[in-house]
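Below is data_8.txt, holding compact mmCIF, C-alpha atoms.
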# COMPACT_ATOMS: atom_id res chain seq x y z
CA MET A 1 51.20 31.20 47.87
CA ILE A 2 54.73 31.62 46.53
CA TYR A 3 57.53 30.06 48.57
CA PHE A 4 60.39 31.11 46.30
CA GLU A 5 60.72 33.26 43.19
CA LYS A 6 63.78 34.45 41.38
CA GLY A 7 64.57 34.96 37.73
CA ALA A 8 65.77 37.33 35.04
CA ARG A 9 66.59 37.15 31.35
CA ASN A 10 70.37 37.18 31.85
CA PHE A 11 70.51 35.42 35.22
CA ALA A 12 71.99 31.93 35.63
CA PHE A 13 71.41 29.76 38.70
CA GLY A 14 74.34 27.85 40.16
CA HIS A 15 73.85 24.37 41.57
CA GLU A 16 74.27 25.40 45.19
CA GLU A 17 71.86 28.29 44.74
CA ILE A 18 69.19 25.93 43.37
CA LYS A 19 69.70 23.53 46.27
CA LYS A 20 69.54 26.35 48.82
CA ALA A 21 66.31 27.68 47.27
CA LEU A 22 64.64 24.29 47.42
CA PHE A 23 65.72 23.60 50.99
CA GLU A 24 64.45 27.01 52.14
CA ALA A 25 61.11 26.40 50.45
CA PHE A 26 60.84 22.92 51.95
CA ASP A 27 61.60 24.36 55.40
CA LYS A 28 58.67 26.75 54.96
CA LEU A 29 56.35 23.84 54.19
CA GLY A 30 56.95 22.32 57.61
CA ASP A 31 57.02 18.65 58.50
CA ARG A 32 55.96 16.34 55.65
CA GLN A 33 56.11 12.56 56.01
CA ARG A 34 54.61 11.11 52.83
CA VAL A 35 55.96 12.83 49.72
CA PHE A 36 54.99 12.00 46.13
CA VAL A 37 57.13 13.48 43.33
CA ILE A 38 55.97 14.13 39.74
CA PRO A 39 58.89 15.19 37.52
CA PRO A 40 58.83 15.30 33.71
CA ASP A 41 60.13 12.34 31.71
CA PHE A 42 63.31 12.13 29.66
CA THR A 43 61.81 14.19 26.83
CA ARG A 44 62.19 17.17 29.22
CA PHE A 45 65.76 16.32 30.22
CA HIS A 46 66.88 19.93 29.82
CA SER A 47 64.26 21.18 32.29
CA ARG A 48 66.73 20.63 35.17
CA ALA A 49 63.89 18.82 36.94
CA GLY A 50 66.19 15.84 37.36
CA GLU A 51 68.51 17.99 39.46
CA LEU A 52 65.58 19.37 41.47
CA THR A 53 64.38 15.82 42.12
CA GLN A 54 67.84 14.91 43.41
CA TYR A 55 67.74 17.80 45.89
CA ALA A 56 64.23 16.83 46.97
CA TYR A 57 65.46 13.30 47.63
CA GLU A 58 68.44 14.64 49.55
CA TYR A 59 66.09 16.70 51.74
CA TYR A 60 63.26 14.22 52.30
CA GLY A 61 65.08 10.89 51.97
CA ASP A 62 62.87 7.90 52.73
CA ARG A 63 59.90 10.22 53.26
CA ILE A 64 59.61 10.21 49.46
CA THR A 65 57.30 7.25 48.89
CA ALA A 66 57.21 7.29 45.08
CA ILE A 67 58.36 9.18 41.98
CA MET A 68 56.06 9.08 38.95
CA PRO A 69 57.39 10.74 35.76
CA ALA A 70 54.67 12.76 34.01
CA LEU A 71 54.56 10.61 30.88
CA GLY A 72 51.22 11.72 29.53
CA THR A 73 51.01 9.64 26.35
CA HIS A 74 54.79 9.13 26.09
CA SER A 75 56.66 5.84 26.34
CA PRO A 76 57.86 4.76 29.82
CA MET A 77 61.38 5.79 30.76
CA THR A 78 64.07 3.17 30.41
CA GLY A 79 66.43 2.27 33.24
CA GLU A 80 69.25 4.04 31.41
CA GLU A 81 67.16 7.23 31.06
CA ILE A 82 66.26 7.16 34.76
CA GLU A 83 69.91 6.77 35.70
CA LYS A 84 70.97 9.66 33.45
CA MET A 85 68.22 12.05 34.51
CA PHE A 86 67.96 11.07 38.19
CA PRO A 87 71.40 9.74 39.20
CA GLY A 88 71.70 8.41 42.73
CA ILE A 89 67.97 8.00 43.31
CA PRO A 90 66.85 4.39 43.90
CA LYS A 91 65.08 2.99 40.86
CA SER A 92 62.69 1.21 43.22
CA LEU A 93 60.98 4.57 43.89
CA PHE A 94 59.92 5.06 40.27
CA ARG A 95 56.40 4.26 39.12
CA VAL A 96 55.06 4.14 35.55
CA HIS A 97 51.94 6.13 34.73
CA ASN A 98 49.46 4.22 32.54
CA TRP A 99 47.30 6.88 30.91
CA ARG A 100 44.76 4.40 29.59
CA ASP A 101 44.03 2.26 32.65
CA ASP A 102 45.44 3.54 35.97
CA ILE A 103 43.18 6.56 36.29
CA LEU A 104 40.13 7.84 38.15
CA THR A 105 37.83 10.72 37.24
CA VAL A 106 37.74 13.48 39.86
CA GLY A 107 35.09 15.63 38.16
CA PHE A 108 33.71 17.00 34.92
CA VAL A 109 34.24 20.45 33.41
CA PRO A 110 30.76 21.33 32.08
CA ALA A 111 30.15 21.51 28.35
CA ARG A 112 28.71 25.01 28.70
CA TYR A 113 31.96 26.24 30.27
CA VAL A 114 34.09 24.58 27.58
CA GLU A 115 31.89 26.15 24.90
CA GLU A 116 32.19 29.57 26.57
CA VAL A 117 35.99 29.61 26.88
CA SER A 118 36.49 28.14 23.39
CA GLU A 119 34.21 30.77 21.83
CA GLY A 120 31.91 28.02 20.60
CA VAL A 121 34.58 25.95 18.88
CA VAL A 122 33.79 22.82 20.93
CA ASP A 123 30.92 22.12 23.32
CA TYR A 124 31.62 18.81 25.07
CA GLU A 125 32.19 18.19 28.76
CA ILE A 126 35.69 17.14 29.75
CA PRO A 127 36.30 14.52 32.44
CA MET A 128 39.27 15.48 34.59
CA GLN A 129 41.28 12.37 35.34
CA LEU A 130 44.31 11.56 37.47
CA ASN A 131 46.43 8.55 38.16
CA ARG A 132 44.47 6.65 40.81
CA VAL A 133 47.41 6.76 43.24
CA LEU A 134 46.99 10.54 43.59
CA THR A 135 43.34 10.22 44.51
CA PHE A 136 43.93 7.97 47.53
CA GLY A 137 44.83 10.92 49.78
CA GLU A 138 47.83 9.10 51.22
CA PHE A 139 50.29 11.95 50.67
CA ASP A 140 50.84 15.11 52.68
CA LEU A 141 52.97 16.65 49.93
CA ILE A 142 52.90 16.29 46.14
CA LEU A 143 55.82 17.94 44.37
CA SER A 144 55.17 18.74 40.69
CA LEU A 145 58.39 19.65 38.91
CA GLY A 146 58.95 20.92 35.38
CA GLN A 147 59.83 23.61 32.87
CA VAL A 148 57.62 26.50 31.80
CA VAL A 149 58.14 26.98 28.07
CA PRO A 150 55.94 27.88 25.07
CA HIS A 151 53.75 24.92 24.15
CA GLU A 152 51.53 24.04 21.20
CA VAL A 153 48.63 22.55 23.19
CA ILE A 154 48.38 24.77 26.25
CA GLY A 155 50.23 27.96 25.36
CA MET A 156 52.84 27.65 28.09
CA ALA A 157 53.80 24.25 29.47
CA ASN A 158 53.74 23.06 33.07
CA TYR A 159 51.76 24.03 36.21
CA ASN A 160 48.53 21.98 36.29
CA LYS A 161 49.28 20.45 32.86
CA ASN A 162 51.82 18.31 34.72
CA ILE A 163 48.91 16.93 36.75
CA PHE A 164 45.94 16.62 34.39
CA VAL A 165 47.98 15.66 31.32
CA GLY A 166 51.29 14.38 32.69
CA VAL A 167 49.57 11.89 35.02
CA GLY A 168 46.10 12.27 33.50
CA GLY A 169 43.79 9.94 31.62
CA ALA A 170 43.01 9.23 27.99
CA GLU A 171 39.71 11.08 27.63
CA CYS A 172 40.94 14.17 29.46
CA ILE A 173 44.12 14.28 27.38
CA ASN A 174 42.30 13.67 24.11
CA LYS A 175 39.57 16.23 24.64
CA SER A 176 41.84 18.96 26.03
CA HIS A 177 44.33 18.51 23.17
CA PHE A 178 41.59 18.65 20.56
CA LEU A 179 40.18 21.77 22.20
CA GLY A 180 43.53 23.50 21.74
CA ALA A 181 43.98 22.31 18.16
CA ALA A 182 40.47 23.27 17.11
CA TYR A 183 40.80 26.69 18.74
CA GLY A 184 44.07 27.24 16.86
CA MET A 185 47.74 26.89 17.73
CA GLU A 186 48.58 30.41 16.59
CA ARG A 187 46.00 31.72 19.06
CA ILE A 188 47.45 29.69 21.93
CA MET A 189 51.23 29.34 21.67
CA GLY A 190 53.11 31.69 23.94
CA ARG A 191 49.98 32.72 25.86
CA ALA A 192 49.59 31.71 29.50
CA SER A 193 45.83 32.28 29.44
CA ASN A 194 43.83 30.36 26.83
CA PRO A 195 40.86 27.94 26.66
CA VAL A 196 42.85 24.82 27.56
CA ARG A 197 44.49 26.45 30.56
CA LYS A 198 41.13 27.81 31.71
CA VAL A 199 39.69 24.29 31.66
CA LEU A 200 42.58 22.98 33.77
CA ASN A 201 42.29 25.94 36.15
CA TYR A 202 38.55 25.21 36.53
CA ALA A 203 39.42 21.64 37.49
CA CYS A 204 41.98 22.83 40.04
CA ASP A 205 39.49 25.19 41.64
CA HIS A 206 36.64 22.69 41.76
CA PHE A 207 38.09 19.19 42.05
CA ILE A 208 41.62 19.12 43.55
CA TYR A 209 41.76 22.30 45.64
CA ASP A 210 42.52 20.26 48.76
CA MET A 211 45.43 18.28 47.28
CA PRO A 212 48.79 19.32 48.83
CA ILE A 213 50.44 20.16 45.49
CA ILE A 214 53.50 22.39 45.33
CA TYR A 215 54.80 23.36 41.89
CA LEU A 216 58.55 23.72 41.28
CA GLN A 217 58.84 25.47 37.91
CA THR A 218 62.00 26.26 35.99
CA VAL A 219 62.68 28.60 33.08
CA ILE A 220 65.54 27.45 30.84
CA SER A 221 67.08 29.23 27.87
CA GLU A 222 70.18 29.27 25.71
CA GLY A 223 72.41 32.33 25.79
CA ASP A 224 76.00 33.39 25.35
CA ASP A 225 76.68 31.55 28.63
CA GLY A 226 75.14 28.32 27.34
CA LEU A 227 71.98 26.55 28.42
CA GLN A 228 71.08 27.94 31.83
CA MET A 229 68.28 28.02 34.37
CA ARG A 230 67.08 31.63 34.23
CA GLY A 231 64.24 31.32 36.71
CA LEU A 232 62.89 29.19 39.55
CA TYR A 233 59.40 29.62 40.97
CA ILE A 234 57.99 27.51 43.81
CA GLY A 235 54.38 27.82 44.93
CA ASN A 236 50.91 26.33 44.94
CA ASP A 237 48.85 28.64 42.75
CA TYR A 238 48.38 30.27 39.37
CA GLU A 239 50.31 33.41 40.33
CA CYS A 240 53.48 31.36 40.69
CA PHE A 241 52.99 29.86 37.23
CA ASP A 242 52.14 33.24 35.71
CA LYS A 243 55.43 34.73 36.93
CA ALA A 244 57.35 31.82 35.42
CA ALA A 245 55.40 32.13 32.16
CA SER A 246 56.21 35.83 31.91
CA LEU A 247 59.93 35.14 32.21
CA SER A 248 59.70 32.23 29.76
CA LEU A 249 58.00 34.43 27.20
CA GLU A 250 60.81 36.95 27.62
CA THR A 251 63.62 34.37 27.33
CA ASN A 252 62.24 31.55 25.15
CA PHE A 253 60.29 33.53 22.55
CA ARG A 254 62.28 34.58 19.48
CA MET A 255 60.38 37.36 17.73
CA LEU A 256 61.85 37.87 14.26
CA ASP A 257 61.69 40.96 12.09
CA ARG A 258 61.72 38.89 8.91
CA GLU A 259 60.36 35.51 7.90
CA MET A 260 62.37 32.33 7.58
CA HIS A 261 62.47 30.89 4.06
CA LYS A 262 64.53 27.82 4.86
CA VAL A 263 64.74 26.37 8.36
CA VAL A 264 66.92 23.47 9.47
CA VAL A 265 66.06 21.83 12.79
CA TYR A 266 68.14 19.19 14.56
CA LEU A 267 66.48 16.63 16.83
CA ASP A 268 68.68 15.09 19.53
CA PRO A 269 68.40 11.30 19.04
CA GLU A 270 68.15 10.66 22.79
CA GLU A 271 65.23 13.05 23.16
CA PHE A 272 63.33 12.71 19.87
CA ARG A 273 62.50 9.23 18.62
CA SER A 274 59.01 9.89 17.24
CA THR A 275 57.23 12.52 15.18
CA TRP A 276 54.84 12.81 18.16
CA LEU A 277 57.73 14.66 19.82
CA GLY A 278 59.78 15.62 16.79
CA ASN A 279 56.97 17.67 15.31
CA LYS A 280 57.97 20.36 17.77
CA SER A 281 60.13 21.36 14.83
CA ILE A 282 56.85 22.26 13.09
CA TYR A 283 54.86 23.58 16.04
CA ARG A 284 57.50 25.95 17.30
CA THR A 285 58.52 27.44 13.93
CA ARG A 286 55.26 27.62 11.97
CA MET A 287 54.62 31.26 12.89
CA ALA A 288 58.03 32.26 11.52
CA ILE A 289 58.18 30.33 8.23
CA ALA A 290 57.25 32.16 5.05
CA ASP A 291 54.60 30.95 2.64
CA GLY A 292 56.40 28.72 0.15
CA GLY A 293 59.23 28.15 2.61
CA ARG A 294 60.85 24.87 3.61
CA LEU A 295 61.46 23.14 6.92
CA ILE A 296 64.19 20.46 6.98
CA VAL A 297 64.20 18.21 10.05
CA LEU A 298 67.41 16.29 10.80
CA ALA A 299 66.16 13.40 12.92
CA PRO A 300 68.83 10.71 13.53
CA GLY A 301 66.82 9.04 16.32
CA LEU A 302 63.46 8.95 14.51
CA ARG A 303 62.06 5.40 14.46
CA GLN A 304 58.28 5.78 14.92
CA PHE A 305 55.38 8.20 14.61
CA GLY A 306 53.45 7.76 17.86
CA GLU A 307 54.85 7.20 21.35
CA ASP A 308 52.06 4.67 21.90
CA PRO A 309 51.44 1.72 19.50
CA ASP A 310 47.75 2.57 19.04
CA ASN A 311 48.53 6.23 18.35
CA ASP A 312 51.31 5.22 15.97
CA ALA A 313 48.86 3.08 14.00
CA LEU A 314 46.35 5.95 13.72
CA ILE A 315 49.00 8.37 12.49
CA ARG A 316 50.08 5.86 9.85
CA LYS A 317 46.45 5.38 8.82
CA TYR A 318 45.41 9.02 8.44
CA GLY A 319 48.65 10.98 7.99
CA TYR A 320 49.42 14.66 8.55
CA VAL A 321 46.72 16.22 6.36
CA HIS A 322 45.20 19.70 6.40
CA THR A 323 42.86 20.61 9.25
CA PRO A 324 39.56 20.40 7.28
CA GLN A 325 40.46 16.85 6.26
CA VAL A 326 41.28 15.88 9.87
CA LEU A 327 37.95 17.27 11.04
CA GLN A 328 36.18 15.26 8.34
CA TYR A 329 38.03 12.11 9.41
CA VAL A 330 36.89 12.73 12.99
CA ARG A 331 33.27 13.05 11.89
CA GLU A 332 33.39 9.90 9.78
CA ASN A 333 35.62 7.51 11.75
CA GLU A 334 35.00 6.15 15.24
CA ASP A 335 38.65 5.27 15.88
CA LEU A 336 39.76 8.88 15.43
CA LYS A 337 36.66 10.26 17.14
CA ASN A 338 37.68 8.20 20.17
CA SER A 339 41.29 9.41 19.95
CA LEU A 340 40.94 13.17 19.71
CA GLY A 341 44.50 13.62 21.00
CA VAL A 342 45.75 11.98 17.81
CA ALA A 343 43.43 14.16 15.74
CA ALA A 344 44.89 17.20 17.48
CA HIS A 345 48.40 15.92 16.79
CA LEU A 346 47.62 15.52 13.09
CA ILE A 347 46.44 19.13 12.96
CA HIS A 348 49.62 20.25 14.73
CA GLY A 349 51.74 18.37 12.20
CA THR A 350 50.50 20.06 9.04
CA SER A 351 51.69 23.30 7.51
CA GLU A 352 48.23 23.65 5.92
CA GLY A 353 50.08 23.73 2.61
CA ARG A 354 51.89 26.96 3.47
CA PHE A 355 55.40 25.48 3.51
CA ARG A 356 57.18 22.20 2.74
CA ILE A 357 58.19 19.80 5.51
CA THR A 358 61.09 17.44 4.83
CA TYR A 359 62.04 14.76 7.35
CA CYS A 360 65.49 13.15 7.30
CA PRO A 361 65.05 10.15 9.61
CA GLY A 362 67.65 7.82 11.07
CA HIS A 363 65.45 4.72 11.00
CA LEU A 364 62.18 5.23 9.10
CA THR A 365 62.05 4.59 5.35
CA ARG A 366 61.18 6.94 2.53
CA GLN A 367 57.92 5.04 2.03
CA GLU A 368 56.94 5.49 5.69
CA ILE A 369 57.75 9.21 5.75
CA GLU A 370 55.98 9.97 2.49
CA SER A 371 52.95 7.84 3.44
CA VAL A 372 52.06 10.29 6.25
CA GLY A 373 52.42 13.36 4.07
CA PHE A 374 56.00 14.55 4.61
CA GLU A 375 58.81 14.84 2.09
CA TYR A 376 61.86 12.58 2.56
CA GLU A 377 65.58 13.18 2.18
CA SER A 378 68.53 11.02 3.16
CA LEU A 379 69.87 11.90 6.60
CA ASP A 380 73.49 11.27 5.64
CA GLY A 381 73.19 13.41 2.56
CA MET A 382 71.59 16.33 4.38
CA LEU A 383 74.08 16.13 7.26
CA GLN A 384 76.86 16.66 4.74
CA ILE A 385 75.19 19.92 3.71
CA TYR A 386 73.86 21.01 7.11
CA ASP A 387 76.38 19.93 9.73
CA PRO A 388 75.11 20.55 13.31
CA ALA A 389 78.72 20.72 14.49
CA VAL A 390 79.32 23.71 12.22
CA LEU A 391 75.99 25.55 12.22
CA LYS A 392 75.14 28.03 14.95
CA ASP A 393 71.65 28.73 16.24
CA GLY A 394 70.06 31.50 14.21
CA TRP A 395 70.93 32.80 10.74
CA ASN A 396 73.63 30.98 8.75
CA THR A 397 74.83 30.99 5.15
CA VAL A 398 75.28 27.55 3.58
CA ASN A 399 76.55 27.27 0.01
CA GLY A 400 75.53 30.86 -0.59
CA GLU A 401 72.00 30.34 0.75
CA GLU A 402 70.65 31.86 3.94
CA ILE A 403 69.10 29.43 6.40
CA TYR A 404 67.88 29.59 9.97
CA TYR A 405 69.20 26.82 12.22
CA ILE A 406 67.63 25.52 15.44
CA SER A 407 69.52 22.96 17.53
CA ASN A 408 66.61 22.11 19.86
CA PRO A 409 63.04 23.17 19.05
CA ALA A 410 61.84 22.21 22.55
CA LEU A 411 63.61 25.20 24.07
CA GLY A 412 61.72 28.00 22.39
CA LEU A 413 59.10 29.48 20.11
CA TRP A 414 59.85 31.40 16.94
CA ALA A 415 57.51 33.86 15.24
CA TYR A 416 57.58 36.54 12.56
CA ARG A 417 56.52 39.78 14.21
CA ASP A 418 53.74 40.54 11.71
CA ARG A 419 52.24 37.05 12.10
CA PHE A 420 52.07 37.03 15.90
CA LYS A 421 49.04 39.09 16.80
Take the structure I supplied and represent it as structure tokens, if you would.
Amino acid sequence: MIYFEKGARNFAFGHEEIKKALFEAFDKLGDRQRVFVIPPDFTRFHSRAGELTQYAYEYYGDRITAIMPALGTHSPMTGEEIEKMFPGIPKSLFRVHNWRDDILTVGFVPARYVEEVSEGVVDYEIPMQLNRVLTFGEFDLILSLGQVVPHEVIGMANYNKNIFVGVGGAECINKSHFLGAAYGMERIMGRASNPVRKVLNYACDHFIYDMPIIYLQTVISEGDDGLQMRGLYIGNDYECFDKAASLSLETNFRMLDREMHKVVVYLDPEEFRSTWLGNKSIYRTRMAIADGGRLIVLAPGLRQFGEDPDNDALIRKYGYVHTPQVLQYVRENEDLKNSLGVAAHLIHGTSEGRFRITYCPGHLTRQEIESVGFEYESLDGMLQIYDPAVLKDGWNTVNGEEIYYISNPALGLWAYRDRFK
């Protein structure tokens, strides 16, 4: 059922209009006394989910019993991040999701189904796991908030990904991520329906159909009027997500008539402190970069590879190598076989030798960057050539050379028309 839907490519929501939409939807839900809120973490600051959470708190007040950011495998939010993203909401309401320990399995997606939807690429069963708090049945409303945007693992982010990955468990995350990587990013990105989504939909239909989950989904894009909320969709089913995904594809997908030969991507230091997140610069541009091209990543906040110490260690050990090598490592090494999410991440972080990837980090050394398979350049030196304060998103000419500049890779997906089939 859809409780609110509105959006268009050139539309921009005002604050009062967002608040009014949420309050009208909440009125339709009737009396709710025990409300659990799952917003994204700080890495999705631009989703406007922080603002939506504020309005939910204004409406429900002390009926909100807890707020658990959908960390997935990310680092816990700091107090400063909570204050910036959720101003005015008591910090005592916030809970930290532990994806390794605080989970329970609600069911298993059969191996035969996984094999069917993946066209035989993988054939293992996938345990569907949730933070144990959600399985207690103590809540009469669970609000899942977030942004629908093209995504490397699941085609289009949000909807039930916020549940089974955002507050999900290690084995579910690892196996679902590896499913997407093995099936192929180019076959998934920008597509609402794909093997990973089908697995999560199966779990919704079979294991959590009675949970009182309402999804509040935003569509955000940059335009001549700045960064705006173009769409808001509130509901409890796939149809609601599908409508948001359609608008996101229309507003967040940059289909280019010619390939990029040199791409410069800037990573906001508050949002991107690891290659686990910063490799969005690779994921979101790989279908637009020409063979023999170059991707330059300006990363002033970069200080680690993984968001989790164990994942960071595995990335440092194996590096961003070509997919056949990753698959061989998985076959031969128990540590990577037991961390398929990292294996998937390594696949996502390679250009397969098609184009060069140069990182310009604020905190990691040349030795560290080169040890995982990337090229290194000095951040200060590259900022003198490619100044984010001067460059505009899209095509630019720098010292007589044409480049394509992207100020935030998390907000879109770029593809060369002949490569996106």
Polymer residues at most 12 Å from Asp312 (chain A), all atoms listed in the file, same-chain spacing of 6 or more positions, as an MDAnalysis selection string: chainID A and resid 73:75 274:276 303:306 318:319 339 341:343 345:346 368 372
Of the listed residues A:Glu17, A:Asp393, A:Asp335, A:Asp224, that which approaches Ala313 (chain A) most closely, counting all atoms listed in the file: A:Asp335
CA of Lys243 (chain A) to CA of Phe11 (chain A), straight-line distance in Å: 15.2 Å
Nearby residues (all atoms listed in the file) at most 8 Å from Gly394 (chain A), same-chain spacing under 5 positions excluded, as a PyMOL selection string: chain A and resi 404-406
10 Å contact set for region 95-103 of chain A, only C-alpha atoms, chain neighbours under 3 positions out, as a count of residues only: 33
Residue nearest Ala25 (chain A) - candidates A:Ala299, A:Met1, A:Ala192, A:Val149, atoms counted: all atoms listed in the file: A:Met1
Point-to-point distance from CA of Asn174 (chain A) to CA of Arg273 (chain A), Å rounded to tenths: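 Going from CA of Asn174 (chain A) over to CA of Arg273 (chain A) covers 21.4 Å.
A straight line drawn from CA of Leu383 (chain A) to CA of Ile296 (chain A) is 10.8 Å long.
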Selection near Leu145 (chain A), 7 Å with only C-alpha atoms, sequence-local residues under 3 positions removed, as an MDAnalysis selection string: chainID A and resid 38:40 49 215:217
Using only C-alpha atoms, which residues sit within 9 Å of Tyr59 (chain A) once same-chain residues fewer than 4 positions away are excluded, as a PDB file with C-alpha atoms, in the coordinates of the input?
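Produced file part.pdb, reproduced below:
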ATOM      1  CA  LEU A  22      64.640  24.290  47.420  1.00  0.00           C
ATOM      2  CA  PHE A  23      65.720  23.600  50.990  1.00  0.00           C
ATOM      3  CA  PHE A  26      60.840  22.920  51.950  1.00  0.00           C
ATOM      4  CA  GLN A  54      67.840  14.910  43.410  1.00  0.00           C
ATOM      5  CA  TYR A  55      67.740  17.800  45.890  1.00  0.00           C
TER       6      TYR A  55
END
Selected residue, from A:Arg197, A:Arg254, A:His348, A:His15, that lies nearest to Glu222 (chain A) when counting only C-alpha atoms: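 Counting only C-alpha atoms, the residue closest to Glu222 (chain A) is A:Arg254.
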Nearest to Ala21 (chain A) by atom-to-atom distance, counting all atoms listed in the file, from A:Val330, A:Leu52, A:Val264, A:Leu364: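 Smallest separation from Ala21 (chain A) among the options: A:Leu52.
With only C-alpha atoms as the atoms that count, the minimum distance from Gly223 (chain A) to the choices A:Leu29, A:Asp387, A:Lys392, A:Ser246 is reached by A:Lys392.
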Nearest candidate to Ala182 (chain A) (options A:Asp308, A:Asp237, A:Glu51, A:Glu119; using only C-alpha atoms):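 Closest candidate: A:Glu119.
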Could I get region 255-272 of chain A from the block written as an mmCIF file, in the first residue's frame, with N, CA and C atoms?
data_model
loop_
_atom_site.group_PDB
_atom_site.id
_atom_site.type_symbol
_atom_site.label_atom_id
_atom_site.label_comp_id
_atom_site.auth_asym_id
_atom_site.auth_seq_id
_atom_site.Cartn_x
_atom_site.Cartn_y
_atom_site.Cartn_z
ATOM 1 N N MET A 255 23.337 9.329 -18.755
ATOM 2 C CA MET A 255 23.664 8.541 -19.940
ATOM 3 C C MET A 255 24.420 9.442 -20.917
ATOM 4 N N LEU A 256 25.656 9.083 -21.220
ATOM 5 C CA LEU A 256 26.522 9.924 -22.042
ATOM 6 C C LEU A 256 26.612 9.399 -23.466
ATOM 7 N N ASP A 257 26.725 10.323 -24.402
ATOM 8 C CA ASP A 257 26.841 9.963 -25.808
ATOM 9 C C ASP A 257 28.278 9.686 -26.224
ATOM 10 N N ARG A 258 29.216 9.986 -25.348
ATOM 11 C CA ARG A 258 30.619 9.676 -25.624
ATOM 12 C C ARG A 258 31.302 9.263 -24.327
ATOM 13 N N GLU A 259 32.374 8.505 -24.459
ATOM 14 C CA GLU A 259 33.072 7.981 -23.303
ATOM 15 C C GLU A 259 33.916 9.058 -22.619
ATOM 16 N N MET A 260 34.166 8.834 -21.344
ATOM 17 C CA MET A 260 35.087 9.678 -20.600
ATOM 18 C C MET A 260 36.503 9.101 -20.747
ATOM 19 N N HIS A 261 37.471 9.974 -21.058
ATOM 20 C CA HIS A 261 38.858 9.508 -21.131
ATOM 21 C C HIS A 261 39.647 9.882 -19.882
ATOM 22 N N LYS A 262 39.281 10.967 -19.258
ATOM 23 C CA LYS A 262 39.863 11.308 -17.963
ATOM 24 C C LYS A 262 38.741 11.809 -17.059
ATOM 25 N N VAL A 263 38.624 11.176 -15.891
ATOM 26 C CA VAL A 263 37.576 11.514 -14.933
ATOM 27 C C VAL A 263 38.239 11.929 -13.626
ATOM 28 N N VAL A 264 37.769 13.015 -13.058
ATOM 29 C CA VAL A 264 38.240 13.464 -11.751
ATOM 30 C C VAL A 264 37.051 13.451 -10.799
ATOM 31 N N VAL A 265 37.197 12.717 -9.696
ATOM 32 C CA VAL A 265 36.123 12.590 -8.712
ATOM 33 C C VAL A 265 36.601 13.149 -7.378
ATOM 34 N N TYR A 266 35.770 13.943 -6.736
ATOM 35 C CA TYR A 266 36.079 14.487 -5.423
ATOM 36 C C TYR A 266 35.268 13.752 -4.369
ATOM 37 N N LEU A 267 35.925 13.363 -3.269
ATOM 38 C CA LEU A 267 35.271 12.680 -2.166
ATOM 39 C C LEU A 267 35.242 13.600 -0.950
ATOM 40 N N ASP A 268 34.056 13.988 -0.533
ATOM 41 C CA ASP A 268 33.877 14.832 0.647
ATOM 42 C C ASP A 268 34.535 14.152 1.847
ATOM 43 N N PRO A 269 35.446 14.837 2.550
ATOM 44 C CA PRO A 269 36.172 14.191 3.651
ATOM 45 C C PRO A 269 35.293 13.792 4.830
ATOM 46 N N GLU A 270 34.140 14.426 4.993
ATOM 47 C CA GLU A 270 33.235 14.031 6.074
ATOM 48 C C GLU A 270 32.484 12.751 5.738
ATOM 49 N N GLU A 271 32.296 12.498 4.465
ATOM 50 C CA GLU A 271 31.495 11.356 4.029
ATOM 51 C C GLU A 271 32.346 10.153 3.653
ATOM 52 N N PHE A 272 33.535 10.385 3.093
ATOM 53 C CA PHE A 272 34.353 9.303 2.548
ATOM 54 C C PHE A 272 35.704 9.249 3.249
#
